[in-house]
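Structure data (PDB, C-alpha atoms and all ligand atoms) from upload_33.pdb:
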```
ATOM      1  CA  VAL A   1      63.113  57.990  40.045
ATOM      2  CA  PRO A   2      61.928  56.910  36.605
ATOM      3  CA  GLY A   3      64.497  54.103  36.414
ATOM      4  CA  VAL A   4      63.195  52.451  39.556
ATOM      5  CA  ALA A   5      59.596  52.735  38.394
ATOM      6  CA  THR A   6      60.523  51.082  35.115
ATOM      7  CA  VAL A   7      62.219  48.224  36.924
ATOM      8  CA  ARG A   8      59.193  47.756  39.175
ATOM      9  CA  VAL A   9      56.810  47.535  36.242
ATOM     10  CA  ALA A  10      59.098  45.102  34.463
ATOM     11  CA  GLN A  11      59.303  42.892  37.554
ATOM     12  CA  THR A  12      55.555  42.891  38.000
ATOM     13  CA  SER A  13      54.885  41.948  34.410
ATOM     14  CA  GLN A  14      57.531  39.220  34.547
ATOM     15  CA  ARG A  15      55.876  37.768  37.610
ATOM     16  CA  THR A  16      52.537  37.545  35.949
ATOM     17  CA  THR A  17      53.876  36.106  32.690
ATOM     18  CA  ARG A  18      56.297  33.559  34.131
ATOM     19  CA  ARG A  19      54.895  30.098  33.620
ATOM     20  CA  ILE A  20      55.504  27.054  35.782
ATOM     21  CA  VAL A  21      55.589  23.690  34.032
ATOM     22  CA  ALA A  22      55.359  20.879  36.606
ATOM     23  CA  VAL A  23      56.901  17.530  35.685
ATOM     24  CA  ALA A  24      55.317  14.679  37.644
ATOM     25  CA  SER A  25      55.107  10.906  37.780
ATOM     26  CA  GLY A  26      53.049   8.376  39.686
ATOM     27  CA  LYS A  27      56.134   6.647  41.040
ATOM     28  CA  GLY A  28      59.903   6.986  41.220
ATOM     29  CA  GLY A  29      62.477   5.661  38.810
ATOM     30  CA  VAL A  30      60.525   6.254  35.601
ATOM     31  CA  GLY A  31      62.815   9.051  34.369
ATOM     32  CA  LYS A  32      60.948  12.127  35.599
ATOM     33  CA  SER A  33      64.171  13.955  36.525
ATOM     34  CA  THR A  34      65.822  12.988  33.240
ATOM     35  CA  VAL A  35      62.812  14.264  31.295
ATOM     36  CA  SER A  36      62.755  17.494  33.381
ATOM     37  CA  THR A  37      66.392  18.294  32.571
ATOM     38  CA  ASN A  38      66.089  17.614  28.878
ATOM     39  CA  LEU A  39      62.717  19.328  28.580
ATOM     40  CA  ALA A  40      64.153  22.450  30.220
ATOM     41  CA  LEU A  41      67.120  22.453  27.830
ATOM     42  CA  GLY A  42      64.898  21.670  24.853
ATOM     43  CA  LEU A  43      62.696  24.676  25.680
ATOM     44  CA  HIS A  44      65.838  26.802  26.078
ATOM     45  CA  ALA A  45      66.981  25.696  22.599
ATOM     46  CA  LEU A  46      63.604  26.869  21.290
ATOM     47  CA  GLY A  47      64.380  30.352  22.558
ATOM     48  CA  ARG A  48      62.605  30.322  25.934
ATOM     49  CA  ARG A  49      64.337  31.743  29.003
ATOM     50  CA  VAL A  50      64.110  28.704  31.232
ATOM     51  CA  GLY A  51      64.904  27.966  34.863
ATOM     52  CA  LEU A  52      64.711  24.591  36.576
ATOM     53  CA  VAL A  53      63.559  23.877  40.138
ATOM     54  CA  ASP A  54      64.318  20.457  41.590
ATOM     55  CA  ALA A  55      61.711  19.759  44.271
ATOM     56  CA  ASP A  56      62.319  16.010  44.434
ATOM     57  CA  ILE A  57      63.049  15.491  48.136
ATOM     58  CA  TYR A  58      63.569  11.748  47.640
ATOM     59  CA  GLY A  59      66.310  12.073  45.051
ATOM     60  CA  PRO A  60      67.317  15.625  44.150
ATOM     61  CA  SER A  61      69.436  14.801  41.100
ATOM     62  CA  GLN A  62      69.389  18.019  39.042
ATOM     63  CA  PRO A  63      72.800  19.329  40.244
ATOM     64  CA  MET A  64      74.334  16.092  38.917
ATOM     65  CA  LEU A  65      72.249  15.980  35.726
ATOM     66  CA  MET A  66      73.113  19.612  34.937
ATOM     67  CA  GLY A  67      76.830  19.211  35.609
ATOM     68  CA  VAL A  68      76.952  21.398  38.746
ATOM     69  CA  GLU A  69      77.159  18.820  41.529
ATOM     70  CA  GLY A  70      78.335  20.263  44.858
ATOM     71  CA  THR A  71      77.239  23.849  44.103
ATOM     72  CA  LYS A  72      75.268  25.929  46.611
ATOM     73  CA  PRO A  73      73.074  28.932  45.820
ATOM     74  CA  THR A  74      73.810  32.249  47.503
ATOM     75  CA  ALA A  75      71.077  34.453  48.983
ATOM     76  CA  HIS A  76      70.658  38.226  48.843
ATOM     77  CA  ASP A  77      68.111  39.812  51.186
ATOM     78  CA  LYS A  78      66.872  36.285  51.963
ATOM     79  CA  GLN A  79      66.155  35.668  48.276
ATOM     80  CA  LEU A  80      67.915  32.696  46.681
ATOM     81  CA  GLN A  81      70.044  33.258  43.580
ATOM     82  CA  PRO A  82      69.691  30.439  41.033
ATOM     83  CA  VAL A  83      72.914  28.609  40.174
ATOM     84  CA  SER A  84      74.169  28.908  36.587
ATOM     85  CA  THR A  85      74.842  25.698  34.644
ATOM     86  CA  PRO A  86      76.987  25.139  31.532
ATOM     87  CA  TYR A  87      73.787  24.730  29.484
ATOM     88  CA  GLY A  88      72.160  28.146  29.844
ATOM     89  CA  VAL A  89      69.437  26.979  32.231
ATOM     90  CA  PRO A  90      69.976  28.047  35.861
ATOM     91  CA  ILE A  91      68.785  25.710  38.592
ATOM     92  CA  LEU A  92      67.804  25.485  42.229
ATOM     93  CA  SER A  93      67.582  22.096  43.912
ATOM     94  CA  MET A  94      66.461  20.679  47.249
ATOM     95  CA  GLY A  95      69.817  18.898  47.099
ATOM     96  CA  GLN A  96      71.592  22.280  47.199
ATOM     97  CA  LEU A  97      69.623  23.437  50.242
ATOM     98  CA  VAL A  98      70.328  20.409  52.439
ATOM     99  CA  ALA A  99      72.280  17.182  52.218
ATOM    100  CA  ALA A 100      70.303  14.879  49.912
ATOM    101  CA  ASP A 101      69.811  12.196  52.544
ATOM    102  CA  GLN A 102      68.432  14.797  54.984
ATOM    103  CA  ALA A 103      65.778  16.134  52.627
ATOM    104  CA  VAL A 104      64.002  12.762  52.624
ATOM    105  CA  ALA A 105      63.337  13.143  56.351
ATOM    106  CA  TRP A 106      61.806  16.607  55.949
ATOM    107  CA  ARG A 107      58.286  17.056  57.158
ATOM    108  CA  GLY A 108      55.748  18.256  54.614
ATOM    109  CA  PRO A 109      55.727  21.930  55.702
ATOM    110  CA  MET A 110      59.541  22.149  55.491
ATOM    111  CA  ALA A 111      59.635  20.729  51.989
ATOM    112  CA  ALA A 112      56.720  22.966  50.958
ATOM    113  CA  GLY A 113      58.559  25.981  52.392
ATOM    114  CA  ALA A 114      61.695  25.102  50.422
ATOM    115  CA  LEU A 115      59.621  24.800  47.240
ATOM    116  CA  GLY A 116      58.255  28.311  47.850
ATOM    117  CA  GLN A 117      61.761  29.699  48.412
ATOM    118  CA  MET A 118      63.017  28.156  45.196
ATOM    119  CA  LEU A 119      60.062  29.436  43.148
ATOM    120  CA  ASP A 120      60.334  32.922  44.657
ATOM    121  CA  ALA A 121      64.068  33.068  43.958
ATOM    122  CA  ASN A 122      65.668  35.774  41.860
ATOM    123  CA  TRP A 123      64.756  34.277  38.461
ATOM    124  CA  SER A 124      65.314  37.635  36.737
ATOM    125  CA  ASN A 125      64.004  37.300  33.186
ATOM    126  CA  GLN A 126      63.209  33.572  33.086
ATOM    127  CA  ASP A 127      59.797  33.093  31.479
ATOM    128  CA  VAL A 128      59.400  29.356  32.093
ATOM    129  CA  ILE A 129      60.256  27.452  35.279
ATOM    130  CA  VAL A 130      60.301  23.681  34.887
ATOM    131  CA  VAL A 131      59.672  21.984  38.246
ATOM    132  CA  ASP A 132      60.900  18.435  38.838
ATOM    133  CA  LEU A 133      58.396  17.244  41.463
ATOM    134  CA  PRO A 134      58.814  14.296  43.823
ATOM    135  CA  PRO A 135      57.063  11.123  42.609
ATOM    136  CA  GLY A 136      53.460  10.559  43.667
ATOM    137  CA  THR A 137      50.940  12.984  45.109
ATOM    138  CA  GLY A 138      52.205  14.233  48.484
ATOM    139  CA  ASP A 139      52.619  17.535  50.347
ATOM    140  CA  VAL A 140      55.020  19.145  47.873
ATOM    141  CA  GLN A 141      52.617  18.481  44.992
ATOM    142  CA  LEU A 142      49.687  19.850  47.031
ATOM    143  CA  THR A 143      51.592  23.061  47.772
ATOM    144  CA  MET A 144      52.599  23.264  44.132
ATOM    145  CA  VAL A 145      49.026  23.214  42.837
ATOM    146  CA  GLN A 146      47.419  25.216  45.636
ATOM    147  CA  LYS A 147      49.964  27.986  46.122
ATOM    148  CA  HIS A 148      51.970  28.241  42.934
ATOM    149  CA  ARG A 149      49.402  27.461  40.217
ATOM    150  CA  PRO A 150      51.395  25.760  37.457
ATOM    151  CA  ALA A 151      50.435  26.561  33.869
ATOM    152  CA  GLY A 152      50.352  22.842  33.256
ATOM    153  CA  ALA A 153      51.705  19.423  34.139
ATOM    154  CA  VAL A 154      53.785  16.988  32.108
ATOM    155  CA  ILE A 155      53.353  13.392  33.288
ATOM    156  CA  VAL A 156      56.154  10.868  32.784
ATOM    157  CA  SER A 157      55.514   7.130  32.700
ATOM    158  CA  THR A 158      57.159   3.961  31.479
ATOM    159  CA  PRO A 159      55.032   1.791  29.156
ATOM    160  CA  GLN A 160      54.356  -0.841  31.853
ATOM    161  CA  ASP A 161      50.784  -1.285  33.055
ATOM    162  CA  LEU A 162      51.692  -0.761  36.710
ATOM    163  CA  SER A 163      53.508   2.472  35.981
ATOM    164  CA  LEU A 164      50.581   3.654  33.876
ATOM    165  CA  ILE A 165      48.123   2.967  36.700
ATOM    166  CA  ASP A 166      50.274   5.205  38.930
ATOM    167  CA  ALA A 167      50.515   7.814  36.169
ATOM    168  CA  LYS A 168      46.703   7.900  35.949
ATOM    169  CA  ARG A 169      46.573   8.656  39.669
ATOM    170  CA  ALA A 170      48.971  11.584  39.160
ATOM    171  CA  ILE A 171      46.917  12.837  36.210
ATOM    172  CA  ASP A 172      43.779  12.644  38.325
ATOM    173  CA  PHE A 173      45.456  14.681  41.054
ATOM    174  CA  PHE A 174      46.247  17.572  38.685
ATOM    175  CA  VAL A 175      42.878  17.439  36.944
ATOM    176  CA  LYS A 176      41.080  17.657  40.318
ATOM    177  CA  ALA A 177      43.291  20.623  41.248
ATOM    178  CA  GLY A 178      42.324  22.360  38.007
ATOM    179  CA  VAL A 179      45.839  22.200  36.529
ATOM    180  CA  PRO A 180      45.819  21.551  32.761
ATOM    181  CA  ILE A 181      47.598  18.361  31.677
ATOM    182  CA  ILE A 182      50.117  19.304  28.973
ATOM    183  CA  GLY A 183      50.519  15.642  28.139
ATOM    184  CA  LEU A 184      52.102  12.261  28.796
ATOM    185  CA  VAL A 185      55.704  11.301  27.969
ATOM    186  CA  GLU A 186      56.496   7.620  27.543
ATOM    187  CA  ASN A 187      60.037   7.020  28.807
ATOM    188  CA  MET A 188      62.150   3.850  28.547
ATOM    189  CA  ALA A 189      60.130   2.837  25.501
ATOM    190  CA  GLY A 190      61.802   0.229  23.292
ATOM    191  CA  TYR A 191      65.349  -0.988  23.879
ATOM    192  CA  ALA A 192      67.849  -1.085  21.033
ATOM    193  CA  CYS A 193      70.403  -3.861  21.649
ATOM    194  CA  PRO A 194      73.854  -2.253  21.397
ATOM    195  CA  HIS A 195      75.209  -5.517  19.907
ATOM    196  CA  CYS A 196      72.716  -6.594  17.276
ATOM    197  CA  GLY A 197      70.461  -3.537  16.996
ATOM    198  CA  GLU A 198      67.296  -5.538  17.592
ATOM    199  CA  ILE A 199      64.570  -3.461  19.255
ATOM    200  CA  SER A 200      62.851  -5.135  22.195
ATOM    201  CA  ASP A 201      60.174  -3.796  24.518
ATOM    202  CA  PRO A 202      61.036  -4.774  28.095
ATOM    203  CA  PHE A 203      58.094  -2.822  29.492
ATOM    204  CA  GLY A 204      55.632  -3.441  26.647
ATOM    205  CA  ASN A 205      54.856  -1.241  23.677
ATOM    206  CA  GLY A 206      52.457   1.610  22.988
ATOM    207  CA  GLY A 207      50.756   1.441  26.387
ATOM    208  CA  ALA A 208      51.273   5.095  27.257
ATOM    209  CA  GLU A 209      50.042   6.403  23.914
ATOM    210  CA  ALA A 210      46.939   4.230  24.200
ATOM    211  CA  ALA A 211      46.411   5.384  27.794
ATOM    212  CA  ALA A 212      46.755   9.029  26.751
ATOM    213  CA  GLY A 213      44.146   8.401  24.057
ATOM    214  CA  VAL A 214      41.713   6.834  26.542
ATOM    215  CA  LEU A 215      42.273   9.680  29.021
ATOM    216  CA  GLY A 216      41.882  12.302  26.318
ATOM    217  CA  ILE A 217      45.233  13.969  27.014
ATOM    218  CA  PRO A 218      47.987  14.770  24.488
ATOM    219  CA  PHE A 219      50.723  12.200  23.903
ATOM    220  CA  LEU A 220      54.050  14.070  23.911
ATOM    221  CA  GLY A 221      56.295  11.316  22.594
ATOM    222  CA  ARG A 222      58.441   8.340  23.321
ATOM    223  CA  ILE A 223      61.983   8.369  24.725
ATOM    224  CA  PRO A 224      63.876   5.126  24.074
ATOM    225  CA  LEU A 225      65.535   3.070  26.822
ATOM    226  CA  ASP A 226      69.064   3.882  25.755
ATOM    227  CA  ILE A 227      72.292   3.331  27.636
ATOM    228  CA  ALA A 228      73.608   6.560  26.076
ATOM    229  CA  ILE A 229      70.915   8.474  28.008
ATOM    230  CA  ARG A 230      71.943   6.925  31.310
ATOM    231  CA  MET A 231      75.663   7.427  30.716
ATOM    232  CA  ALA A 232      75.415  11.038  29.513
ATOM    233  CA  SER A 233      73.051  11.862  32.397
ATOM    234  CA  ASP A 234      75.416  10.367  34.981
ATOM    235  CA  ALA A 235      78.267  12.393  33.464
ATOM    236  CA  GLY A 236      76.317  15.659  33.803
ATOM    237  CA  VAL A 237      75.909  16.085  30.044
ATOM    238  CA  PRO A 238      72.173  16.232  29.272
ATOM    239  CA  PRO A 239      71.487  13.928  26.291
ATOM    240  CA  VAL A 240      69.357  16.556  24.512
ATOM    241  CA  SER A 241      72.571  18.545  23.960
ATOM    242  CA  GLY A 242      73.990  15.709  21.806
ATOM    243  CA  ASN A 243      72.992  14.789  18.269
ATOM    244  CA  GLY A 244      71.825  11.173  18.479
ATOM    245  CA  ALA A 245      68.310   9.794  18.118
ATOM    246  CA  GLU A 246      67.726  10.297  21.860
ATOM    247  CA  ALA A 247      68.474  14.032  21.514
ATOM    248  CA  THR A 248      65.913  14.262  18.717
ATOM    249  CA  ALA A 249      63.344  12.430  20.845
ATOM    250  CA  PHE A 250      63.789  14.909  23.712
ATOM    251  CA  ARG A 251      63.663  17.886  21.318
ATOM    252  CA  GLN A 252      60.378  16.665  19.883
ATOM    253  CA  VAL A 253      58.875  16.439  23.366
ATOM    254  CA  ALA A 254      60.025  20.009  24.122
ATOM    255  CA  ALA A 255      58.527  21.275  20.860
ATOM    256  CA  LYS A 256      55.153  19.736  21.780
ATOM    257  CA  VAL A 257      55.266  21.232  25.271
ATOM    258  CA  ASP A 258      56.084  24.627  23.755
ATOM    259  CA  THR A 259      52.997  24.727  21.524
TER     260      THR A 259
HETATM  261  P1  LIG B 301      62.910   9.572  38.431
HETATM  262  O1  LIG B 301      63.170  11.030  38.463
HETATM  263  O2  LIG B 301      61.567   9.230  37.851
HETATM  264  O3  LIG B 301      63.141   8.875  39.738
HETATM  265  P2  LIG B 301      65.385   9.402  36.927
HETATM  266  O4  LIG B 301      65.240  10.445  35.885
HETATM  267  O5  LIG B 301      66.235   9.697  38.113
HETATM  268  O6  LIG B 301      63.944   8.904  37.407
HETATM  269  O7  LIG B 301      65.901   8.081  36.195
HETATM  270  C1  LIG B 301      66.206   6.888  36.920
HETATM  271  C2  LIG B 301      67.420   6.222  36.285
HETATM  272  O8  LIG B 301      67.086   5.781  34.963
HETATM  273  C3  LIG B 301      68.613   7.154  36.098
HETATM  274  O9  LIG B 301      69.790   6.402  36.278
HETATM  275  C4  LIG B 301      68.517   7.603  34.655
HETATM  276  O10 LIG B 301      69.784   7.948  34.079
HETATM  277  C5  LIG B 301      67.950   6.374  33.997
HETATM  278  N1  LIG B 301      67.106   6.704  32.819
HETATM  279  C6  LIG B 301      66.060   7.526  32.764
HETATM  280  N2  LIG B 301      65.515   7.544  31.531
HETATM  281  C7  LIG B 301      66.268   6.692  30.771
HETATM  282  C8  LIG B 301      66.234   6.269  29.404
HETATM  283  N3  LIG B 301      65.290   6.705  28.569
HETATM  284  N4  LIG B 301      67.190   5.382  28.986
HETATM  285  C9  LIG B 301      68.146   4.931  29.852
HETATM  286  N5  LIG B 301      68.222   5.268  31.131
HETATM  287  C10 LIG B 301      67.294   6.152  31.607
END
```

For this file, produce the structure as structure tokens.
Amino acid sequence: VPGVATVRVAQTSQRTTRRIVAVASGKGGVGKSTVSTNLALGLHALGRRVGLVDADIYGPSQPMLMGVEGTKPTAHDKQLQPVSTPYGVPILSMGQLVAADQAVAWRGPMAAGALGQMLDANWSNQDVIVVDLPPGTGDVQLTMVQKHRPAGAVIVSTPQDLSLIDAKRAIDFFVKAGVPIIGLVENMAGYACPHCGEISDPFGNGGAEAAAGVLGIPFLGRIPLDIAIRMASDAGVPPVSGNGAEATAFRQVAAKVDT
């Protein structure tokens, strides 16, 4: 049947052209999930067909960040169906597969298996899959680089020295695995006081850009430490969808990743 043949060809070519962008950090709490969400939406706004996979077993937060907390994916013929979000980027999350507090106790092979299921889901015509990895360089990351060959990795760090040392370890991990580093995002950079407007730098200033320079990797931009980011994120409204300075900052990062 010609129709079936056409579909087959289309599926094959989609498989080979779909790109995985891994978002990683050396340690937790630096804003890797927040950057993943807003990067995915920023790429979507640039016209890419984007899906998001949340592989962070320690804190699968994408259902909350994308405004679809409590949703579960369905499966057809054992293939997962990504869950639609209000923002045009469908998601699959470890947190949707098991209770969040259970995922932490998963052994490496279980978490790696779940990552495979989420990446092999029915992504239809998505051409970019952003993957929110767990922090550090464990089993899930190993499976990611060995089995699923990301097109590149985005590393998220705060400006603090300690965070940057961890970020360097993550960068090293991807370089050794032969995964191109798309670049480094400095998150929680510069705090604007909501009362007087004075900018302070609780974690230092410019450290990530300097580190990117030393390491010879692209610097993708700076996201301010901004209470509006935390509040919008907690409310399931990704800040990049707003029109403040923080939305612009996220859009600029997405534009750099897209080039
Ligand atoms: P990670 O994925 O690295 O563990 P998260 O993205 O979950 O980090 O962020 C940790 C916490 O910090 C969340 O409450 C999040 O809303 C908040 N956060 C992240 N980035 C910023 C920022 N630039 N400004 C304010 N709060 C932020």

Which residue out of A:Gly113, A:Pro150, A:Pro238, A:Gly138 has the minimum interatomic distance to ligand LIG 301 (chain B) when only C-alpha atoms and all ligand atoms are used?
-> A:Pro238

Using only C-alpha atoms and all ligand atoms, find each residue with an atom at most 6 Å away from ligand LIG 301 (chain B) and format the answer as a VMD selection string.
-> chain A and resid 28 to 34 187 to 188 223 to 227 229 to 230 233

Resolved residues for the PyMOL selection byres (((chain A and resi 235) around 8) and not hetatm) as an MDAnalysis selection string | chainID A and resid 64:65 67 231:234 236:237

Spatial neighbours of Ser241 in chain A, 9 Å, all atoms listed in the file, chain gap at least 4 places, as an mmCIF file with C-alpha atoms, keeping the file's coordinate frame:
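selection09.cif was written with the following content:
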```
data_model
loop_
_atom_site.group_PDB
_atom_site.id
_atom_site.type_symbol
_atom_site.label_atom_id
_atom_site.label_comp_id
_atom_site.auth_asym_id
_atom_site.auth_seq_id
_atom_site.Cartn_x
_atom_site.Cartn_y
_atom_site.Cartn_z
ATOM 1 C CA ASN A 38 66.089 17.614 28.878
ATOM 2 C CA LEU A 41 67.120 22.453 27.830
ATOM 3 C CA GLY A 42 64.898 21.670 24.853
ATOM 4 C CA TYR A 87 73.787 24.730 29.484
ATOM 5 C CA VAL A 237 75.909 16.085 30.044
ATOM 6 C CA ALA A 247 68.474 14.032 21.514
#
```

Distance criterion (all atoms listed in the file): nearest to Gly108 in chain A out of A:Val140, A:Ala211, A:Ala254, A:Ala170 =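 The closest residue to Gly108 in chain A is A:Val140.
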
Closest of A:Gly178, A:Gly88, A:Gly116, A:Gly207 to Ala55 in chain A - atom-to-atom distances counting only C-alpha atoms =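 So, comparing all the options, the nearest one is A:Gly116.
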
Result set of the PyMOL selection byres (((chain A and resi 191) around 12) and not hetatm) on the coordinates above, as a ChimeraX atom specification = /A:159,187-190,192-205,222-229,246

Atomic separation - CA of Pro239 in chain A relative to CA of Gly183 in chain A, Å | 21.1 Å

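Restricting the calculation to only C-alpha atoms, the smallest distance between Val130 in chain A and any of A:Val240, A:Val83, A:Val89, A:Leu162 is found for A:Val89.
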
What is the CA of Arg107 in chain A to CA of Tyr58 in chain A distance in Å?
-> 12.1 Å

Work out how far apart CA of Lys147 in chain A and CA of Leu119 in chain A are and give it in Å to one decimal.
->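 It comes out at 10.6 Å.
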
Using all atoms listed in the file, I'd like a table of the residues in range 32-82 of chain A that come within 9 Å of range 98-103 of chain A; for each, show the closest atom pair and its distance in Å rounded to one decimal, ordered by chain and ascending number, as a tab-separated table.
```
residue	atom	partner	partner_atom	distance
A:Asp56	CA	A:Ala103	CA	8.9
A:Ile57	CA	A:Ala103	CA	5.3
A:Tyr58	CA	A:Ala103	CA	7.0
A:Gly59	CA	A:Ala100	CA	6.9
A:Pro60	CA	A:Ala100	CA	6.5
A:Ser61	CA	A:Ala100	CA	8.9
```

Using all atoms listed in the file, I'd like a table of the residues in range 90-149 of chain A that come within 10 Å of range 163-167 of chain A; for each, show the closest atom pair and its distance in Å rounded to one decimal, ordered by chain and ascending number, as CSV.
```
residue,atom,partner,partner_atom,distance
A:Pro135,CA,A:Asp166,CA,9.7
A:Gly136,CA,A:Asp166,CA,7.8
A:Thr137,CA,A:Asp166,CA,10.0
```

Counting only C-alpha atoms, the option among A:Leu52, A:Val175, A:Ala212, A:Ala114 closest to Thr85 in chain A |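 Of A:Leu52, A:Val175, A:Ala212, A:Ala114, the one nearest Thr85 in chain A, counting only C-alpha atoms, is A:Leu52.
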
Considering all atoms listed in the file, return as a compact mmCIF listing (two decimals) with C-alpha atoms, in the coordinates of the input whatever protein or nucleic-acid residues lie within 9 Å of Gly70 in chain A, sequence-local ones (same chain, fewer than 5 positions apart) excluded.
```txt
# COMPACT_ATOMS: atom_id res chain seq x y z
CA PRO A 63 72.80 19.33 40.24
CA MET A 64 74.33 16.09 38.92
CA GLY A 95 69.82 18.90 47.10
CA GLN A 96 71.59 22.28 47.20
```

Is there a way to get, as a ChimeraX atom specification, all residues within 9 Å of the point (61.5, 29.8, 29.5) in file coordinates, counting only C-alpha atoms?
-> /A:18-19,40,43-44,46-51,89,125-130

Prev. selection, C-alpha atoms, output as a PDB file, keeping the file's coordinate frame:
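To be explicit, this is the file written out as selection30.pdb:
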```pdb
ATOM      1  CA  ARG A  18      56.297  33.559  34.131  1.00  0.00           C
ATOM      2  CA  ARG A  19      54.895  30.098  33.620  1.00  0.00           C
ATOM      3  CA  ALA A  40      64.153  22.450  30.220  1.00  0.00           C
ATOM      4  CA  LEU A  43      62.696  24.676  25.680  1.00  0.00           C
ATOM      5  CA  HIS A  44      65.838  26.802  26.078  1.00  0.00           C
ATOM      6  CA  LEU A  46      63.604  26.869  21.290  1.00  0.00           C
ATOM      7  CA  GLY A  47      64.380  30.352  22.558  1.00  0.00           C
ATOM      8  CA  ARG A  48      62.605  30.322  25.934  1.00  0.00           C
ATOM      9  CA  ARG A  49      64.337  31.743  29.003  1.00  0.00           C
ATOM     10  CA  VAL A  50      64.110  28.704  31.232  1.00  0.00           C
ATOM     11  CA  GLY A  51      64.904  27.966  34.863  1.00  0.00           C
ATOM     12  CA  VAL A  89      69.437  26.979  32.231  1.00  0.00           C
ATOM     13  CA  ASN A 125      64.004  37.300  33.186  1.00  0.00           C
ATOM     14  CA  GLN A 126      63.209  33.572  33.086  1.00  0.00           C
ATOM     15  CA  ASP A 127      59.797  33.093  31.479  1.00  0.00           C
ATOM     16  CA  VAL A 128      59.400  29.356  32.093  1.00  0.00           C
ATOM     17  CA  ILE A 129      60.256  27.452  35.279  1.00  0.00           C
ATOM     18  CA  VAL A 130      60.301  23.681  34.887  1.00  0.00           C
TER      19      VAL A 130
END
```

What residues come out when you apply the PyMOL selection byres (((chain A and resi 23-25) around 6) and not hetatm) to this file, written as a list of chain:residue names?
-> A:Ala22, A:Gly26, A:Lys27, A:Val131, A:Asp132, A:Leu133, A:Pro135, A:Ala153, A:Val154, A:Ile155, A:Val156, A:Ala167

Give me a file of those residues, with C-alpha atoms, as a PDB file, in the coordinates of the input.
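As written to disk, again09.pdb reads:
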```pdb
ATOM      1  CA  ALA A  22      55.359  20.879  36.606  1.00  0.00           C
ATOM      2  CA  GLY A  26      53.049   8.376  39.686  1.00  0.00           C
ATOM      3  CA  LYS A  27      56.134   6.647  41.040  1.00  0.00           C
ATOM      4  CA  VAL A 131      59.672  21.984  38.246  1.00  0.00           C
ATOM      5  CA  ASP A 132      60.900  18.435  38.838  1.00  0.00           C
ATOM      6  CA  LEU A 133      58.396  17.244  41.463  1.00  0.00           C
ATOM      7  CA  PRO A 135      57.063  11.123  42.609  1.00  0.00           C
ATOM      8  CA  ALA A 153      51.705  19.423  34.139  1.00  0.00           C
ATOM      9  CA  VAL A 154      53.785  16.988  32.108  1.00  0.00           C
ATOM     10  CA  ILE A 155      53.353  13.392  33.288  1.00  0.00           C
ATOM     11  CA  VAL A 156      56.154  10.868  32.784  1.00  0.00           C
ATOM     12  CA  ALA A 167      50.515   7.814  36.169  1.00  0.00           C
TER      13      ALA A 167
END
```

Padded axis-aligned box of range 84-100 of chain A (4 Å per side), centre and edge lengths, Å, one decimal, as lines of an AutoDock Vina configuration file:
```
center_x = 71.7
center_y = 21.9
center_z = 41.0
size_x = 18.5
size_y = 22.0
size_z = 31.0
```

Using all atoms listed in the file, which residue out of A:Val21, A:Ile171, A:Ala249, A:Leu142 lies closest to Gly216 in chain A?
->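 For Gly216 in chain A, the nearest of the given residues is A:Ile171.
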
Name the residues in contact with Gln252 in chain A at a cut-off of 8 Å, using all atoms listed in the file, excluding same-chain residues fewer than 3 positions from it; report them as a list in words.
-> Leu220, Gly221, Thr248, Ala249, Ala255 and Lys256 of chain A

Is there a way to complete range 54-64 of chain A with N, CA and C atoms and then write that out as a PDB file, in the frame of the given file?
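Saved to selection-v2.pdb:
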```pdb
ATOM      1  N   ASP A  54      64.315  21.878  41.248  1.00  0.00           N
ATOM      2  CA  ASP A  54      64.318  20.457  41.590  1.00  0.00           C
ATOM      3  C   ASP A  54      63.703  20.292  42.974  1.00  0.00           C
ATOM      4  N   ALA A  55      62.440  19.881  43.000  1.00  0.00           N
ATOM      5  CA  ALA A  55      61.711  19.759  44.271  1.00  0.00           C
ATOM      6  C   ALA A  55      61.606  18.309  44.725  1.00  0.00           C
ATOM      7  N   ASP A  56      62.405  17.440  44.113  1.00  0.00           N
ATOM      8  CA  ASP A  56      62.319  16.010  44.434  1.00  0.00           C
ATOM      9  C   ASP A  56      63.097  15.706  45.707  1.00  0.00           C
ATOM     10  N   ILE A  57      62.373  15.717  46.848  1.00  0.00           N
ATOM     11  CA  ILE A  57      63.049  15.491  48.136  1.00  0.00           C
ATOM     12  C   ILE A  57      63.647  14.088  48.229  1.00  0.00           C
ATOM     13  N   TYR A  58      63.086  13.131  47.501  1.00  0.00           N
ATOM     14  CA  TYR A  58      63.569  11.748  47.640  1.00  0.00           C
ATOM     15  C   TYR A  58      64.851  11.499  46.858  1.00  0.00           C
ATOM     16  N   GLY A  59      65.091  12.270  45.833  1.00  0.00           N
ATOM     17  CA  GLY A  59      66.310  12.073  45.051  1.00  0.00           C
ATOM     18  C   GLY A  59      66.604  13.307  44.225  1.00  0.00           C
ATOM     19  N   PRO A  60      67.054  14.391  44.900  1.00  0.00           N
ATOM     20  CA  PRO A  60      67.317  15.625  44.150  1.00  0.00           C
ATOM     21  C   PRO A  60      68.546  15.466  43.251  1.00  0.00           C
ATOM     22  N   SER A  61      68.323  15.174  41.979  1.00  0.00           N
ATOM     23  CA  SER A  61      69.436  14.801  41.100  1.00  0.00           C
ATOM     24  C   SER A  61      69.811  15.871  40.089  1.00  0.00           C
ATOM     25  N   GLN A  62      69.098  17.023  40.082  1.00  0.00           N
ATOM     26  CA  GLN A  62      69.389  18.019  39.042  1.00  0.00           C
ATOM     27  C   GLN A  62      70.814  18.588  39.085  1.00  0.00           C
ATOM     28  N   PRO A  63      71.420  18.835  40.274  1.00  0.00           N
ATOM     29  CA  PRO A  63      72.800  19.329  40.244  1.00  0.00           C
ATOM     30  C   PRO A  63      73.720  18.373  39.468  1.00  0.00           C
ATOM     31  N   MET A  64      73.518  17.062  39.653  1.00  0.00           N
ATOM     32  CA  MET A  64      74.334  16.092  38.917  1.00  0.00           C
ATOM     33  C   MET A  64      73.975  16.105  37.426  1.00  0.00           C
TER      34      MET A  64
END
```
